[in-house]
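First the structure, in the form of C-alpha cells, and then the observations on it.
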Amino acid sequence: MNDMNTKAIARQFNEDGAVIVRGCFSAEEIAEIERQLAAFIRDVVPKLGPGDVYFEDSPDQPIKSIFRLEQHLEFFKRLMADERLLSLMREIYAGAEVVQFSTAFFGKAARSGSVTPPHQDNAFQNLQPPEDLVCTIAIDESTPENGALTIQKGSHKLGLLPHQPSGVMGFSQTLINPVDTTKYPEVQLCMKPGDICLHNTNTIHRSDANKTDKSRRQLGIIYRSSRAKRDEVGWAKYQAEVKKLHAQHATATK
C-alpha cells in the first residue's frame with residue numbers, strides 16, 4: 001500500500017466507520033496463517049480455559065472464538081507487527097503511538113456457526129477516546145449466506161450506546177435499542193481470502209448464522225491509539241457481567 005492508498009483508506013474508515021482493503025495478503029500468506037492456526041488449535045486450545053476459547057453449542061462443538069493468540073504463539077505476535085497493517089494504523093492514529101493490543105480468531109463453522117448479536121466493541125473495551133479498531137483478515141470467503149460481518153455505516157459517530165447482557169457466550173453484550181437502518185444503513189463486508197477490513201470500536205456490527213457447507217474463518221487484530229484510556233468503572237461492570245455469564249453457562253452444562 002502506498003501513501004496515497006493509505007490516506008484514502010484512512011479517510012473512508014473515519015467517514016464510514018469501516019473499510020475493506022482488497023488483496024492485502026497473498027494466497028501463500030493465508031495458507032501459512034491456516035497452518036499456524038491448525039497448530040494452535042491442536043497444541044494450545046486444549047490447554048485454554050473459559051474466556052480464552054469459546055465453542056458453539058452444536059453437538060460437534062466447533063470453535064467459535066479464541067482470544068489472545070499472540071500470548072501463546074510467536075507467529076501471531078509477528079503478524080500484529082506486519083508493516084502493511086502498521087502503516088495503515090499510523091495514518092489512522094496520526095500523532096499517537098500505535099498499540100498492538102491483541103489477536104483473536106472468529107469462526108463460523110459450516111451449518112453451525114451461530115448469530116452474533118448487534119453490538120459495539122467498545123461495550124467490551126470501554127475506551128475514551130474510542131481510538132480502537134479491529135483489523136479482520138479473511139481466511140475464507142465471507143458471503144451473505146455464511147455470516148458476513150454486517151456493519152451500520154456511520155454509526156461510530158453516535159458514540160458508545162447503552163448495551164445489556166446478551167446471554168451469548170463470546171459476545172456477551174448487545175445493544176438495548178436498535179439503531180435506525182435508514183439513517184445508518186447496513187453494509188455487508190463480503191471478503192475473499194487475503195482481504196482485510198477495519199471497523200471502529202464504536203461501529204455497530206453483527207453477523208448472521210452460517211447456513212452453508214463452507215466455513216467462515218477470520219483473524220481479528222486489535223490496534224489502538226496510545227491516546228485511548230480505559231474507563232475503569234465501565235470495565236469493572238463488564239467483567240462482572242462476563243463472570244456471571246460464565247457461571248450460568250457452567251451450571252447449565254453440568
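Identifiers in this document derive from the order of the C-alpha cells: chains are assigned A, B, ..., residues are numbered from 1 separately in each chain, and ligands are numbered from 1 in order of occurrence.
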> Can you list, as a PyMOL selection string, every protein, DNA or RNA residue that comes within 12 Å of region 55-68 of chain A when you count only C-alpha atoms, leaving out same-chain residues fewer than 5 positions away?
Replying inline: chain A and resi 37-38+40-42+44-46+48-50+73-74+76-77+80+100-116+168-171+209-210+215-222+249+252-253
Restricted to N, CA and C atoms, what would the selected residues look like written as a CSV table (one decimal), in the first residue's frame?
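Output file part.csv follows:
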chain,number,residue,atom,x,y,z
A,37,LEU,N,-2.6,-21.6,12.5
A,37,LEU,CA,-3.9,-21.7,13.2
A,37,LEU,C,-4.2,-23.2,13.5
A,38,ALA,N,-3.9,-24.1,12.6
A,38,ALA,CA,-4.2,-25.5,12.8
A,38,ALA,C,-3.3,-26.0,14.0
A,40,PHE,N,-2.1,-24.2,16.4
A,40,PHE,CA,-2.6,-23.6,17.6
A,40,PHE,C,-3.7,-24.4,18.1
A,41,ILE,N,-4.7,-24.7,17.3
A,41,ILE,CA,-5.9,-25.5,17.7
A,41,ILE,C,-5.5,-26.8,18.2
A,42,ARG,N,-4.5,-27.4,17.6
A,42,ARG,CA,-4.0,-28.8,18.0
A,42,ARG,C,-3.3,-28.7,19.3
A,44,VAL,N,-2.5,-25.8,21.5
A,44,VAL,CA,-2.7,-24.8,22.5
A,44,VAL,C,-4.2,-24.8,23.1
A,45,VAL,N,-5.1,-24.9,22.2
A,45,VAL,CA,-6.5,-24.8,22.6
A,45,VAL,C,-6.9,-25.8,23.7
A,46,PRO,N,-6.4,-27.1,23.7
A,46,PRO,CA,-6.8,-28.0,24.8
A,46,PRO,C,-6.3,-27.5,26.2
A,48,LEU,N,-6.4,-24.2,27.0
A,48,LEU,CA,-7.0,-22.9,27.3
A,48,LEU,C,-8.3,-23.1,28.2
A,49,GLY,N,-8.6,-22.0,29.0
A,49,GLY,CA,-9.7,-22.0,29.9
A,49,GLY,C,-10.8,-21.1,29.4
A,50,PRO,N,-11.9,-21.0,30.1
A,50,PRO,CA,-13.1,-20.1,29.8
A,50,PRO,C,-12.6,-18.7,29.7
A,73,LEU,N,1.7,-18.1,20.8
A,73,LEU,CA,2.4,-18.5,19.6
A,73,LEU,C,3.0,-17.2,18.9
A,74,GLU,N,4.4,-17.3,18.7
A,74,GLU,CA,5.1,-16.1,18.2
A,74,GLU,C,4.7,-15.7,16.9
A,76,PHE,N,1.7,-15.2,15.7
A,76,PHE,CA,0.6,-14.2,15.7
A,76,PHE,C,1.1,-12.9,16.3
A,77,LYS,N,2.2,-12.9,17.1
A,77,LYS,CA,2.8,-11.7,17.6
A,77,LYS,C,3.5,-11.0,16.4
A,80,MET,N,0.9,-9.3,14.0
A,80,MET,CA,0.5,-8.0,14.5
A,80,MET,C,1.4,-6.8,14.1
A,100,GLN,N,-0.2,-2.3,19.6
A,100,GLN,CA,-0.6,-3.7,19.0
A,100,GLN,C,-1.2,-4.5,20.2
A,101,PHE,N,-2.5,-4.5,20.3
A,101,PHE,CA,-3.1,-4.9,21.5
A,101,PHE,C,-3.3,-6.5,21.6
A,102,SER,N,-3.9,-7.1,20.6
A,102,SER,CA,-4.3,-8.5,20.7
A,102,SER,C,-4.7,-9.1,19.4
A,103,THR,N,-4.7,-10.4,19.3
A,103,THR,CA,-5.1,-11.1,18.1
A,103,THR,C,-6.2,-12.2,18.5
A,104,ALA,N,-7.2,-12.3,17.8
A,104,ALA,CA,-8.3,-13.2,18.1
A,104,ALA,C,-8.7,-14.0,16.8
A,105,PHE,N,-9.3,-15.1,17.0
A,105,PHE,CA,-9.8,-15.9,15.9
A,105,PHE,C,-11.4,-16.0,16.0
A,106,PHE,N,-12.1,-15.7,14.9
A,106,PHE,CA,-13.5,-15.8,14.9
A,106,PHE,C,-13.9,-16.8,13.8
A,107,GLY,N,-14.6,-17.9,14.2
A,107,GLY,CA,-15.0,-18.9,13.3
A,107,GLY,C,-16.5,-19.0,13.2
A,108,LYS,N,-17.0,-19.2,12.0
A,108,LYS,CA,-18.4,-19.7,11.8
A,108,LYS,C,-18.4,-21.0,11.0
A,109,ALA,N,-18.5,-22.1,11.8
A,109,ALA,CA,-18.3,-23.4,11.2
A,109,ALA,C,-19.5,-23.6,10.2
A,110,ALA,N,-19.3,-24.5,9.2
A,110,ALA,CA,-20.3,-24.8,8.3
A,110,ALA,C,-21.6,-25.4,9.0
A,111,ARG,N,-22.7,-24.8,8.7
A,111,ARG,CA,-24.0,-25.2,9.2
A,111,ARG,C,-24.2,-25.0,10.7
A,112,SER,N,-23.2,-24.6,11.4
A,112,SER,CA,-23.4,-24.5,12.9
A,112,SER,C,-22.8,-23.2,13.4
A,113,GLY,N,-22.2,-22.3,12.6
A,113,GLY,CA,-21.8,-21.0,13.0
A,113,GLY,C,-23.0,-20.2,13.4
A,114,SER,N,-23.0,-19.7,14.6
A,114,SER,CA,-24.2,-19.0,15.2
A,114,SER,C,-24.2,-17.5,15.0
A,115,VAL,N,-25.4,-16.9,15.3
A,115,VAL,CA,-25.6,-15.5,15.2
A,115,VAL,C,-24.7,-14.7,16.2
A,116,THR,N,-24.2,-13.6,15.7
A,116,THR,CA,-23.5,-12.6,16.6
A,116,THR,C,-24.5,-11.4,16.7
A,168,VAL,N,-25.1,-14.5,25.2
A,168,VAL,CA,-24.3,-15.3,24.2
A,168,VAL,C,-22.9,-15.4,24.6
A,169,MET,N,-22.4,-16.6,24.8
A,169,MET,CA,-21.0,-16.8,25.1
A,169,MET,C,-20.1,-16.3,24.0
A,170,GLY,N,-19.1,-15.5,24.4
A,170,GLY,CA,-18.1,-15.0,23.5
A,170,GLY,C,-18.5,-13.6,22.9
A,171,PHE,N,-19.8,-13.3,23.0
A,171,PHE,CA,-20.3,-12.0,22.6
A,171,PHE,C,-21.4,-11.6,23.6
A,209,ALA,N,-26.1,-16.3,11.1
A,209,ALA,CA,-25.6,-17.7,11.2
A,209,ALA,C,-25.1,-18.2,9.8
A,210,ASN,N,-24.2,-19.2,9.9
A,210,ASN,CA,-23.7,-19.8,8.7
A,210,ASN,C,-24.6,-20.9,8.2
A,215,SER,N,-17.0,-23.1,5.8
A,215,SER,CA,-16.7,-22.3,7.0
A,215,SER,C,-16.4,-20.8,6.6
A,216,ARG,N,-16.5,-20.0,7.7
A,216,ARG,CA,-16.2,-18.6,7.5
A,216,ARG,C,-15.2,-18.2,8.7
A,217,ARG,N,-13.9,-18.4,8.4
A,217,ARG,CA,-12.9,-18.1,9.4
A,217,ARG,C,-12.2,-16.8,9.2
A,218,GLN,N,-12.0,-16.1,10.3
A,218,GLN,CA,-11.3,-14.8,10.2
A,218,GLN,C,-10.4,-14.6,11.5
A,219,LEU,N,-9.3,-13.9,11.2
A,219,LEU,CA,-8.5,-13.4,12.4
A,219,LEU,C,-8.9,-11.9,12.6
A,220,GLY,N,-8.8,-11.5,13.9
A,220,GLY,CA,-9.1,-10.1,14.2
A,220,GLY,C,-8.0,-9.6,15.0
A,221,ILE,N,-7.2,-8.6,14.5
A,221,ILE,CA,-6.1,-7.9,15.2
A,221,ILE,C,-6.6,-6.6,15.8
A,222,ILE,N,-6.5,-6.4,17.1
A,222,ILE,CA,-7.0,-5.2,17.7
A,222,ILE,C,-5.8,-4.2,17.8
A,249,HIS,N,-23.4,-20.4,32.5
A,249,HIS,CA,-23.2,-21.4,31.5
A,249,HIS,C,-22.6,-22.7,32.0
A,252,ALA,N,-25.5,-24.6,33.6
A,252,ALA,CA,-26.4,-25.1,32.6
A,252,ALA,C,-25.9,-26.4,31.9
A,253,THR,N,-24.5,-26.5,31.8
A,253,THR,CA,-23.9,-27.6,31.1
A,253,THR,C,-23.5,-28.7,32.0
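The environment of Glu91 (chain A) within 10 Å, counting only C-alpha atoms and disregarding residues fewer than 4 places along the same chain, consists of Asp3, Thr6, Lys7, Ala8, Ile9, Ala10, Arg11, Leu86, Ser87, Gly95, Ala96 and Val98 of chain A.
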Print the selection's residues with C-alpha atoms to a file, as a JSON list (two decimals), in the first residue's frame.
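out_35.json, freshly written:
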[["chain", "number", "residue", "atom", "x", "y", "z"],
["A", 3, "ASP", "CA", 0.95, 6.63, 0.88],
["A", 6, "THR", "CA", -3.15, 4.64, 2.96],
["A", 7, "LYS", "CA", -4.57, 8.16, 3.17],
["A", 8, "ALA", "CA", -7.67, 7.23, 1.14],
["A", 9, "ILE", "CA", -8.26, 4.11, 3.25],
["A", 10, "ALA", "CA", -7.95, 6.14, 6.46],
["A", 11, "ARG", "CA", -10.39, 8.78, 5.13],
["A", 86, "LEU", "CA", 1.05, -0.74, 10.86],
["A", 87, "SER", "CA", 1.33, 1.79, 8.03],
["A", 95, "GLY", "CA", 0.11, 11.93, 16.21],
["A", 96, "ALA", "CA", -0.11, 8.95, 18.58],
["A", 98, "VAL", "CA", 0.10, 2.57, 17.67]]
>> Taking 3 positions as the minimum chain separation for residues in the same chain, which residues sit within 8 Å of Gly154 (chain A) when counting only C-alpha atoms? Answer as a PyMOL selection string.
In response: chain A and resi 15-17+157+184+203
Under the rule of at most 9 Å, produce a per-residue listing of region 91-199 of chain A near region 28-31 of chain A: chain, number, name, the closest pair of atoms, and the distance in Å, as a Markdown table, using only C-alpha atoms.
| residue | atom | partner | partner_atom | distance |
| --- | --- | --- | --- | --- |
| A:Ile137 | CA | A:Ile30 | CA | 8.9 |
| A:Ala138 | CA | A:Ile30 | CA | 8.4 |
| A:Ile139 | CA | A:Ile30 | CA | 6.3 |
| A:Pro193 | CA | A:Ile30 | CA | 7.1 |
| A:Gly194 | CA | A:Ile30 | CA | 6.3 |
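Take CA of Ala123 (chain A) and CA of Thr201 (chain A): the distance between them is 8.5 Å.
Closest approach to Leu85 (chain A) among A:Asp195, A:Asp180, A:Asp213, A:Glu131 is made by A:Asp195 (distances from only C-alpha atoms).
Shortest separation to Glu83 (chain A) among A:Val233, A:Val19, A:Leu198, A:Cys24 occurs at residue A:Cys24, atoms counted being only C-alpha atoms.
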